[in-house]
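Peer 1: Structure file entry.txt (compact mmCIF, C-alpha atoms and all ligand atoms) is given on the next line.
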```txt
# COMPACT_ATOMS: atom_id res chain seq x y z
CA MET A 1 -55.84 39.30 91.10
CA LEU A 2 -53.04 41.04 92.95
CA ALA A 3 -51.88 44.09 91.04
CA SER A 4 -48.44 45.46 91.97
CA ARG A 5 -50.05 48.62 93.28
CA ARG A 6 -51.92 46.51 95.82
CA LEU A 7 -48.85 44.45 96.68
CA LEU A 8 -46.46 47.28 97.38
CA PRO A 9 -48.16 49.17 100.20
CA GLN A 10 -48.25 45.96 102.23
CA ILE A 11 -44.47 45.92 102.29
CA SER A 12 -42.91 47.76 105.18
CA SER A 13 -39.27 47.37 106.15
CA ARG A 14 -40.53 45.14 108.97
CA ALA A 15 -42.18 42.82 106.48
CA LEU A 16 -39.00 42.47 104.46
CA SER A 17 -37.14 39.37 105.42
CA THR A 18 -34.05 37.67 104.10
CA SER A 19 -34.44 35.45 101.05
CA PRO A 20 -36.33 32.34 101.98
CA ALA A 21 -34.04 29.31 101.96
CA LEU A 22 -33.52 28.34 98.34
CA LYS A 23 -34.72 24.93 97.41
CA SER A 24 -32.36 24.13 94.55
CA SER A 25 -35.47 23.04 92.65
CA GLU A 26 -36.38 26.72 92.18
CA ILE A 27 -34.24 26.46 89.06
CA SER A 28 -34.54 23.10 87.39
CA VAL A 29 -32.56 21.90 84.41
CA LYS A 30 -33.91 19.19 82.13
CA GLU A 31 -32.39 17.57 79.06
CA GLU A 32 -35.32 17.65 76.61
CA ARG A 33 -33.50 16.06 73.68
CA PRO A 34 -29.83 15.20 73.08
CA TYR A 35 -27.83 18.44 73.48
CA VAL A 36 -30.99 20.49 74.26
CA TYR A 37 -31.55 21.77 77.81
CA ASN A 38 -34.55 23.48 79.37
CA VAL A 39 -33.72 25.79 82.28
CA LYS A 40 -37.01 26.15 84.10
CA LEU A 41 -37.88 28.94 86.53
CA ASN A 42 -39.53 26.76 89.12
CA ARG A 43 -41.14 28.89 91.80
CA PRO A 44 -44.71 28.68 90.55
CA ALA A 45 -46.45 29.58 93.84
CA LYS A 46 -44.85 33.04 93.56
CA LEU A 47 -45.14 33.30 89.78
CA ASN A 48 -41.40 32.59 89.35
CA THR A 49 -40.43 35.91 90.93
CA PHE A 50 -36.72 36.24 91.61
CA THR A 51 -35.01 36.37 94.99
CA MET A 52 -31.27 36.92 95.32
CA ASP A 53 -30.67 33.22 95.94
CA MET A 54 -32.70 32.30 92.87
CA TRP A 55 -30.69 34.72 90.71
CA ARG A 56 -27.46 33.12 91.94
CA GLU A 57 -28.81 29.65 91.23
CA PHE A 58 -29.93 30.76 87.77
CA LYS A 59 -26.44 32.07 86.94
CA LYS A 60 -24.87 28.85 88.19
CA ALA A 61 -27.12 26.82 85.86
CA ILE A 62 -26.36 28.98 82.81
CA ASP A 63 -22.59 29.07 83.49
CA SER A 64 -22.56 25.33 83.88
CA LEU A 65 -24.39 24.73 80.56
CA ALA A 66 -22.09 27.28 78.88
CA ASP A 67 -19.15 25.00 79.73
CA ASP A 68 -20.90 21.70 79.07
CA PRO A 69 -19.90 20.13 75.72
CA LYS A 70 -23.12 18.06 75.84
CA CYS A 71 -25.21 21.22 75.65
CA ARG A 72 -25.68 22.96 72.29
CA SER A 73 -28.87 24.97 72.81
CA ILE A 74 -30.93 26.17 75.77
CA ILE A 75 -34.56 27.05 76.44
CA ILE A 76 -35.64 29.24 79.35
CA SER A 77 -39.21 28.55 80.43
CA GLY A 78 -41.39 29.11 83.47
CA GLU A 79 -43.25 26.50 85.50
CA GLY A 80 -46.86 27.18 86.46
CA LYS A 81 -49.21 30.04 85.79
CA ALA A 82 -46.69 32.67 84.60
CA PHE A 83 -43.27 32.90 82.99
CA CYS A 84 -41.96 35.45 85.54
CA ALA A 85 -43.70 38.27 87.46
CA GLY A 86 -40.39 40.08 88.08
CA ILE A 87 -38.50 40.52 91.30
CA ASP A 88 -40.01 39.07 94.48
CA ILE A 89 -41.06 42.38 95.95
CA ALA A 90 -41.27 40.96 99.47
CA HIS A 91 -37.89 39.17 99.56
CA GLY A 92 -35.83 40.14 96.51
CA LEU A 93 -35.13 43.66 97.69
CA SER A 94 -34.34 42.79 101.30
CA ASP A 95 -30.52 42.76 100.91
CA ILE A 96 -30.42 46.14 99.21
CA LEU A 97 -32.87 47.68 101.68
CA ARG A 98 -30.81 46.41 104.60
CA ILE A 99 -27.83 48.33 103.22
CA ILE A 100 -29.89 51.46 102.48
CA GLN A 101 -31.44 51.49 105.95
CA ASP A 102 -28.21 50.80 107.84
CA ASP A 103 -27.36 54.12 109.55
CA THR A 104 -23.92 52.88 110.58
CA ILE A 105 -22.65 52.85 106.98
CA GLU A 106 -21.25 56.15 105.68
CA VAL A 107 -23.18 57.38 102.63
CA GLY A 108 -20.35 57.10 100.07
CA ARG A 109 -19.60 53.52 101.19
CA LYS A 110 -23.31 52.73 101.16
CA GLY A 111 -23.49 53.81 97.52
CA ARG A 112 -20.59 51.51 96.65
CA LEU A 113 -22.35 48.55 98.28
CA VAL A 114 -25.58 49.28 96.42
CA ARG A 115 -23.63 49.46 93.15
CA LYS A 116 -21.94 46.12 93.85
CA PHE A 117 -25.30 44.54 94.64
CA ILE A 118 -26.90 45.74 91.39
CA GLY A 119 -23.82 44.56 89.47
CA GLU A 120 -24.14 41.08 90.92
CA ILE A 121 -27.73 40.79 89.67
CA GLN A 122 -26.78 42.25 86.27
CA ASP A 123 -24.15 39.52 85.92
CA CYS A 124 -26.78 36.82 86.42
CA TYR A 125 -28.46 37.90 83.17
CA THR A 126 -25.29 38.88 81.31
CA ALA A 127 -24.38 35.20 81.74
CA LEU A 128 -27.07 34.50 79.11
CA GLU A 129 -25.35 36.79 76.60
CA ARG A 130 -21.88 35.43 77.41
CA CYS A 131 -23.01 31.81 77.10
CA PRO A 132 -21.83 30.67 73.63
CA LYS A 133 -24.89 28.45 73.13
CA PRO A 134 -28.07 29.98 71.63
CA ILE A 135 -30.76 30.63 74.25
CA ILE A 136 -34.49 30.73 73.49
CA ALA A 137 -36.84 32.45 75.95
CA SER A 138 -40.15 30.57 75.84
CA ILE A 139 -42.67 32.95 77.37
CA HIS A 140 -46.23 32.35 78.55
CA SER A 141 -48.58 34.59 80.54
CA HIS A 142 -46.93 37.30 82.68
CA CYS A 143 -43.41 38.46 81.87
CA LEU A 144 -42.85 41.58 83.99
CA GLY A 145 -39.94 43.70 85.18
CA ALA A 146 -37.03 41.37 85.89
CA GLY A 147 -38.68 38.93 83.46
CA ILE A 148 -38.12 41.41 80.61
CA ASP A 149 -34.54 41.99 81.81
CA LEU A 150 -34.07 38.23 81.45
CA ILE A 151 -35.59 37.76 78.00
CA THR A 152 -33.78 40.72 76.43
CA ALA A 153 -30.46 39.01 77.27
CA CYS A 154 -31.58 35.86 75.40
CA ASP A 155 -30.95 35.23 71.70
CA ILE A 156 -34.50 34.42 70.60
CA ARG A 157 -37.86 35.19 72.22
CA VAL A 158 -41.04 33.27 71.40
CA ALA A 159 -44.36 33.42 73.24
CA SER A 160 -47.80 31.96 73.53
CA GLN A 161 -50.83 34.06 72.60
CA ASP A 162 -51.64 34.67 76.29
CA ALA A 163 -48.32 36.43 77.04
CA ILE A 164 -48.51 39.74 78.92
CA PHE A 165 -45.40 41.91 79.01
CA SER A 166 -44.60 45.02 81.04
CA ILE A 167 -41.44 46.96 81.77
CA ARG A 168 -42.93 47.42 85.21
CA GLU A 169 -40.01 49.07 87.07
CA VAL A 170 -41.29 52.66 87.16
CA ASP A 171 -44.36 51.34 88.97
CA VAL A 172 -42.15 50.04 91.77
CA GLY A 173 -40.18 53.31 91.92
CA LEU A 174 -37.00 52.53 90.06
CA ALA A 175 -35.34 52.91 86.69
CA ALA A 176 -34.78 49.37 85.41
CA ASP A 177 -31.14 48.60 86.15
CA ILE A 178 -30.43 44.98 85.32
CA GLY A 179 -30.52 45.01 81.54
CA THR A 180 -33.84 45.91 79.90
CA LEU A 181 -33.04 49.57 79.22
CA ASN A 182 -29.56 48.65 78.03
CA ARG A 183 -30.59 45.94 75.61
CA ILE A 184 -34.15 46.48 74.43
CA GLN A 185 -33.44 49.12 71.80
CA LYS A 186 -30.86 46.82 70.26
CA VAL A 187 -33.49 44.12 70.21
CA VAL A 188 -36.47 46.08 68.82
CA GLY A 189 -34.79 49.04 67.09
CA ASN A 190 -37.70 51.37 67.85
CA ASP A 191 -36.87 54.20 70.26
CA SER A 192 -40.37 55.69 70.44
CA TRP A 193 -42.05 52.37 71.26
CA THR A 194 -39.33 51.56 73.81
CA ARG A 195 -40.00 54.84 75.62
CA ASP A 196 -43.76 54.37 75.35
CA VAL A 197 -43.65 51.03 77.18
CA ALA A 198 -40.80 51.94 79.57
CA PHE A 199 -42.26 55.26 80.80
CA THR A 200 -45.84 54.03 81.16
CA ALA A 201 -45.14 50.50 82.47
CA ARG A 202 -48.29 49.50 80.60
CA ASP A 203 -49.12 45.89 79.80
CA PHE A 204 -48.84 44.79 76.18
CA GLY A 205 -49.67 41.47 74.61
CA ALA A 206 -48.05 38.98 72.27
CA ASP A 207 -49.39 40.61 69.09
CA GLU A 208 -47.86 43.99 69.99
CA ALA A 209 -44.61 42.34 71.09
CA LEU A 210 -44.42 40.59 67.71
CA ARG A 211 -45.29 43.75 65.79
CA PHE A 212 -42.42 45.64 67.40
CA GLY A 213 -39.91 42.80 67.23
CA LEU A 214 -39.58 41.91 70.92
CA ILE A 215 -40.59 38.35 70.04
CA SER A 216 -40.30 36.50 66.74
CA ARG A 217 -43.13 33.95 66.94
CA ILE A 218 -46.49 33.42 68.64
CA TYR A 219 -47.97 30.00 69.35
CA ASP A 220 -51.61 29.27 70.18
CA ASP A 221 -51.07 27.85 73.64
CA ARG A 222 -48.48 26.87 76.19
CA GLN A 223 -48.21 23.28 75.01
CA SER A 224 -47.39 24.22 71.41
CA LEU A 225 -45.07 26.98 72.69
CA LEU A 226 -42.98 24.43 74.56
CA GLU A 227 -43.02 21.84 71.78
CA ASN A 228 -42.01 24.39 69.15
CA SER A 229 -39.32 25.89 71.41
CA ILE A 230 -37.84 22.43 71.88
CA ASP A 231 -38.04 21.72 68.13
CA MET A 232 -36.26 24.98 67.35
CA ALA A 233 -33.56 24.26 69.96
CA ALA A 234 -33.16 20.71 68.60
CA ARG A 235 -32.77 22.00 65.05
CA ILE A 236 -30.02 24.34 66.23
CA ALA A 237 -28.37 21.50 68.17
CA GLU A 238 -28.10 19.36 65.01
CA LYS A 239 -25.81 21.90 63.38
CA SER A 240 -22.08 22.32 63.76
CA PRO A 241 -21.49 23.74 67.25
CA ILE A 242 -18.40 25.48 65.86
CA ALA A 243 -20.55 27.27 63.29
CA VAL A 244 -23.48 28.06 65.60
CA GLN A 245 -21.37 29.33 68.49
CA GLY A 246 -19.20 31.38 66.13
CA THR A 247 -22.43 32.88 64.79
CA LYS A 248 -23.59 33.92 68.28
CA GLU A 249 -20.18 35.40 69.15
CA THR A 250 -20.14 37.36 65.89
CA LEU A 251 -23.72 38.66 66.14
CA ASN A 252 -23.04 39.80 69.72
CA TYR A 253 -19.81 41.47 68.65
CA ALA A 254 -21.41 43.12 65.60
CA ARG A 255 -24.19 44.60 67.75
CA GLU A 256 -21.65 46.57 69.80
CA HIS A 257 -19.04 47.45 67.14
CA SER A 258 -18.65 49.04 63.72
CA THR A 259 -19.05 46.92 60.58
CA ASP A 260 -15.31 47.24 59.90
CA ASP A 261 -14.44 46.06 63.40
CA SER A 262 -16.81 43.13 63.25
CA LEU A 263 -15.61 42.07 59.78
CA ASN A 264 -12.14 42.05 61.27
CA PHE A 265 -13.45 40.05 64.23
CA ILE A 266 -15.01 37.29 62.10
CA LYS A 267 -12.02 36.88 59.80
CA THR A 268 -9.75 36.57 62.80
CA TRP A 269 -12.20 34.19 64.52
CA ASN A 270 -12.44 32.01 61.42
CA MET A 271 -8.63 31.94 61.00
CA SER A 272 -8.80 29.03 63.40
CA GLN A 273 -12.42 27.93 63.24
CA LEU A 274 -12.36 27.19 59.49
CA LEU A 275 -9.62 24.66 60.23
CA SER A 276 -12.19 22.57 62.08
CA THR A 277 -13.34 19.23 60.64
CA ASP A 278 -16.90 20.61 60.90
CA LEU A 279 -16.39 22.50 57.63
CA LEU A 280 -15.46 19.41 55.64
CA SER A 281 -18.06 17.12 57.22
CA SER A 282 -20.80 19.70 56.61
CA ALA A 283 -19.77 20.12 52.97
CA MET A 284 -19.70 16.31 52.49
CA ALA A 285 -23.13 15.98 54.11
CA VAL A 286 -24.61 18.64 51.79
CA MET A 287 -23.10 16.91 48.73
CA ASN A 288 -24.37 13.49 49.83
CA LYS A 289 -27.76 14.83 51.02
CA LYS A 290 -27.09 13.36 54.47
CA LYS A 291 -26.98 14.74 57.99
CA ALA A 292 -23.54 15.44 59.41
CA THR A 293 -22.59 14.67 62.99
CA TYR A 294 -20.11 16.76 64.92
CA GLU A 295 -17.65 16.30 67.74
CA ASP A 296 -18.48 17.94 71.03
CA VAL A 297 -16.87 21.29 71.66
C1 LIG B 1 -32.05 45.91 92.01
C2 LIG B 1 -33.40 45.66 91.45
C3 LIG B 1 -33.43 44.49 90.55
C4 LIG B 1 -34.50 44.11 89.86
C5 LIG B 1 -35.74 44.80 89.84
C6 LIG B 1 -36.82 44.37 89.16
C7 LIG B 1 -38.07 45.15 89.15
C8 LIG B 1 -39.30 44.36 88.77
O1 LIG B 1 -39.27 43.18 88.57
S1 LIG B 1 -40.71 45.29 88.64
C9 LIG B 1 -41.99 44.07 88.56
C10 LIG B 1 -42.43 43.62 89.91
N1 LIG B 1 -43.58 42.77 89.80
C11 LIG B 1 -44.83 43.20 89.93
O2 LIG B 1 -45.08 44.35 90.19
C12 LIG B 1 -45.92 42.17 89.75
C13 LIG B 1 -46.78 42.04 90.98
N2 LIG B 1 -47.79 41.02 90.78
C14 LIG B 1 -48.97 41.22 90.20
O3 LIG B 1 -49.32 42.31 89.80
C15 LIG B 1 -49.88 40.04 90.06
O4 LIG B 1 -49.40 39.00 90.88
C16 LIG B 1 -50.04 39.50 88.62
C17 LIG B 1 -48.69 39.27 87.96
C18 LIG B 1 -50.88 40.50 87.80
C19 LIG B 1 -50.80 38.14 88.63
O5 LIG B 1 -51.99 38.24 89.35
P1 LIG B 1 -52.76 36.93 89.77
O6 LIG B 1 -52.87 36.01 88.62
O7 LIG B 1 -54.01 37.35 90.41
O8 LIG B 1 -51.82 36.18 90.82
P2 LIG B 1 -51.57 36.61 92.36
O9 LIG B 1 -52.56 35.91 93.22
O10 LIG B 1 -51.48 38.04 92.47
O11 LIG B 1 -50.10 36.01 92.62
C20 LIG B 1 -49.89 34.66 93.00
C21 LIG B 1 -48.88 34.63 94.12
O12 LIG B 1 -47.65 35.24 93.69
C22 LIG B 1 -47.29 36.32 94.55
N3 LIG B 1 -46.63 37.38 93.75
C23 LIG B 1 -46.98 37.79 92.54
N4 LIG B 1 -46.10 38.73 92.11
C24 LIG B 1 -45.21 38.90 93.11
C25 LIG B 1 -44.06 39.72 93.27
N5 LIG B 1 -43.62 40.50 92.27
N6 LIG B 1 -43.37 39.63 94.42
C26 LIG B 1 -43.74 38.80 95.41
N7 LIG B 1 -44.82 37.97 95.31
C27 LIG B 1 -45.54 38.04 94.18
C28 LIG B 1 -48.61 36.80 95.13
O13 LIG B 1 -48.37 37.51 96.32
C29 LIG B 1 -49.33 35.45 95.34
O14 LIG B 1 -48.75 34.84 96.47
P3 LIG B 1 -49.75 34.25 97.62
O15 LIG B 1 -48.79 33.61 98.60
O16 LIG B 1 -50.61 33.25 96.88
O17 LIG B 1 -50.50 35.39 98.14
```
Can you dump the structure from the file as structure tokens?
Peer 2:
Amino acid sequence: MLASRRLLPQISSRALSTSPALKSSEISVKEERPYVYNVKLNRPAKLNTFTMDMWREFKKAIDSLADDPKCRSIIISGEGKAFCAGIDIAHGLSDILRIIQDDTIEVGRKGRLVRKFIGEIQDCYTALERCPKPIIASIHSHCLGAGIDLITACDIRVASQDAIFSIREVDVGLAADIGTLNRIQKVVGNDSWTRDVAFTARDFGADEALRFGLISRIYDDRQSLLENSIDMAARIAEKSPIAVQGTKETLNYAREHSTDDSLNFIKTWNMSQLLSTDLLSSAMAVMNKKKATYEDV
């Protein structure tokens, strides 16, 4: 068992190297059912911890599915023992530390470079929110630090009973800066609990995560977690993509705007989207007790 406290002292600036060459298989994308894709974090030997290259590859996969008419719903899962143990402490911070430790860069310019670097990682997870297709985070075992940043940018979070969560950043000496602190209160709606887990970095399990609304379902084991995640994604994928994607856009908009503004948003959105054939074919299917099929969008 390698606790982060035991991992960190081993890391000197000498030990920090550039990201190991990315095998593109560190993010794998699999079509599980028609229109349903599983984006798998696939670096199991290092508990799916993120390096800079892996973040870039992750964003590329999400952006590509966002634009793919043959994709209607997405699952994010982790290969191996854990969902994601956060940033790769040995390699993921090397780029930023190189900037910080470079004495030839003037301090104001150094700050700008650090800001740009953080922004690039933020964008890798914001891609999940911007993707019009619903995204289900399917979480087993450890989900720490950058793992929580990832899942809070997803639409739905489900977990197996063995899940262990921690907003671990304060334990590695930083305020979380790639999404958790900016999204989690909107997800759970409980300020006291958010501060409890963010200030202490303590581990909490699936039952507590469910109680406070971080996840919406618990499954007995990893196998049933994956099967049920795929079933949920497939059920979403059977529906009108016009309706489902309009729903995601509107829920995202409503979360950041007043009720008046978001009512205005949806009526303007549906000015065009109600003209779609999806409306008529869905209504016909309901009347005839049949399943409708929809054109790709
Ligand atoms: C700009 C900044 C952007 C983002 C910042 C994000 C911040 C964070 O993500 S904070 C969270 C950082 N993560 C951690 O602190 C977790 C550290 N790991 C652990 O505590 C343990 O590994 C464990 C999760 C409790 C699991 O323990 P165990 O089941 O005993 O497995 P191990 O043998 O310890 O791990 C297997 C293998 O993975 C390597 N590893 C695990 N975590 C990390 C990590 N975060 N970074 C790099 N490597 C990690 C571990 O060294 C082992 O590798 P071997 O090659 O087998 O030794």
Peer 1: Mind giving me the straight-line distance from CA of Ile167 in chain A to CA of Phe204 in chain A in Å, one decimal?
Peer 2: 9.5 Å
Peer 1: Mind checking which residues fall within 9 Å of range 216-220 of chain A, counting only C-alpha atoms, ignoring those fewer than 2 positions away in the same chain, and posting them as a PDB file with C-alpha atoms, keeping the file's coordinate frame?
Peer 2:
```pdb
ATOM      1  CA  ILE A 156     -34.500  34.420  70.600  1.00  0.00           C
ATOM      2  CA  ARG A 157     -37.860  35.190  72.220  1.00  0.00           C
ATOM      3  CA  VAL A 158     -41.040  33.270  71.400  1.00  0.00           C
ATOM      4  CA  ALA A 159     -44.360  33.420  73.240  1.00  0.00           C
ATOM      5  CA  SER A 160     -47.800  31.960  73.530  1.00  0.00           C
ATOM      6  CA  GLN A 161     -50.830  34.060  72.600  1.00  0.00           C
ATOM      7  CA  ASP A 162     -51.640  34.670  76.290  1.00  0.00           C
ATOM      8  CA  ALA A 206     -48.050  38.980  72.270  1.00  0.00           C
ATOM      9  CA  ASP A 207     -49.390  40.610  69.090  1.00  0.00           C
ATOM     10  CA  ALA A 209     -44.610  42.340  71.090  1.00  0.00           C
ATOM     11  CA  LEU A 210     -44.420  40.590  67.710  1.00  0.00           C
ATOM     12  CA  ARG A 211     -45.290  43.750  65.790  1.00  0.00           C
ATOM     13  CA  GLY A 213     -39.910  42.800  67.230  1.00  0.00           C
ATOM     14  CA  LEU A 214     -39.580  41.910  70.920  1.00  0.00           C
ATOM     15  CA  ARG A 222     -48.480  26.870  76.190  1.00  0.00           C
ATOM     16  CA  GLN A 223     -48.210  23.280  75.010  1.00  0.00           C
ATOM     17  CA  SER A 224     -47.390  24.220  71.410  1.00  0.00           C
ATOM     18  CA  LEU A 225     -45.070  26.980  72.690  1.00  0.00           C
ATOM     19  CA  ASN A 228     -42.010  24.390  69.150  1.00  0.00           C
TER      20      ASN A 228
END
```
Peer 1: At a cut-off of 6 Å and counting all atoms listed in the file, what residues surround ligand LIG 1 (chain B)? Please answer as a PyMOL selection string.
Peer 2: chain A and resi 1-4+45-47+49+85-90+118+142+144-146+168-169+172
Peer 1: Which residues come within 9 Å of range 126-138 of chain A, counting all atoms listed in the file, excluding same-chain residues fewer than 6 positions away, as an mmCIF file with C-alpha atoms, in the frame of the given file?
Peer 2:
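Generated file (selection38.cif):
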```cif
data_model
loop_
_atom_site.group_PDB
_atom_site.id
_atom_site.type_symbol
_atom_site.label_atom_id
_atom_site.label_comp_id
_atom_site.auth_asym_id
_atom_site.auth_seq_id
_atom_site.Cartn_x
_atom_site.Cartn_y
_atom_site.Cartn_z
ATOM 1 C CA LYS A 59 -26.440 32.070 86.940
ATOM 2 C CA ILE A 62 -26.360 28.980 82.810
ATOM 3 C CA ASP A 63 -22.590 29.070 83.490
ATOM 4 C CA LEU A 65 -24.390 24.730 80.560
ATOM 5 C CA ALA A 66 -22.090 27.280 78.880
ATOM 6 C CA ASP A 67 -19.150 25.000 79.730
ATOM 7 C CA CYS A 71 -25.210 21.220 75.650
ATOM 8 C CA ARG A 72 -25.680 22.960 72.290
ATOM 9 C CA SER A 73 -28.870 24.970 72.810
ATOM 10 C CA ILE A 74 -30.930 26.170 75.770
ATOM 11 C CA ILE A 75 -34.560 27.050 76.440
ATOM 12 C CA ILE A 76 -35.640 29.240 79.350
ATOM 13 C CA SER A 77 -39.210 28.550 80.430
ATOM 14 C CA GLY A 78 -41.390 29.110 83.470
ATOM 15 C CA PHE A 83 -43.270 32.900 82.990
ATOM 16 C CA LEU A 150 -34.070 38.230 81.450
ATOM 17 C CA ILE A 151 -35.590 37.760 78.000
ATOM 18 C CA THR A 152 -33.780 40.720 76.430
ATOM 19 C CA ALA A 153 -30.460 39.010 77.270
ATOM 20 C CA CYS A 154 -31.580 35.860 75.400
ATOM 21 C CA ASP A 155 -30.950 35.230 71.700
ATOM 22 C CA ILE A 156 -34.500 34.420 70.600
ATOM 23 C CA ARG A 157 -37.860 35.190 72.220
ATOM 24 C CA VAL A 158 -41.040 33.270 71.400
ATOM 25 C CA ALA A 159 -44.360 33.420 73.240
ATOM 26 C CA SER A 160 -47.800 31.960 73.530
ATOM 27 C CA ILE A 178 -30.430 44.980 85.320
ATOM 28 C CA GLY A 179 -30.520 45.010 81.540
ATOM 29 C CA LEU A 225 -45.070 26.980 72.690
ATOM 30 C CA LEU A 226 -42.980 24.430 74.560
ATOM 31 C CA SER A 229 -39.320 25.890 71.410
ATOM 32 C CA MET A 232 -36.260 24.980 67.350
ATOM 33 C CA ALA A 233 -33.560 24.260 69.960
ATOM 34 C CA ILE A 236 -30.020 24.340 66.230
ATOM 35 C CA PRO A 241 -21.490 23.740 67.250
ATOM 36 C CA VAL A 244 -23.480 28.060 65.600
ATOM 37 C CA GLN A 245 -21.370 29.330 68.490
ATOM 38 C CA GLY A 246 -19.200 31.380 66.130
ATOM 39 C CA LYS A 248 -23.590 33.920 68.280
ATOM 40 C CA GLU A 249 -20.180 35.400 69.150
ATOM 41 C CA ASN A 252 -23.040 39.800 69.720
#
```
Peer 1: Of the candidates A:Ile230, A:Thr180, A:Ile242, A:Met287, which one gets nearest to Leu275 in chain A if we count all atoms listed in the file?
Peer 2: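 Among A:Ile230, A:Thr180, A:Ile242, A:Met287, it is A:Ile242 that comes nearest to Leu275 in chain A.
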Peer 1: Given the choices A:Ser25, A:Thr194, A:Ser64, A:Ser240, which gets closest to Ala283 in chain A if the distance is worked out from all atoms listed in the file?
Peer 2: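 When distances to Ala283 in chain A are compared using all atoms listed in the file, the smallest one comes from A:Ser240.
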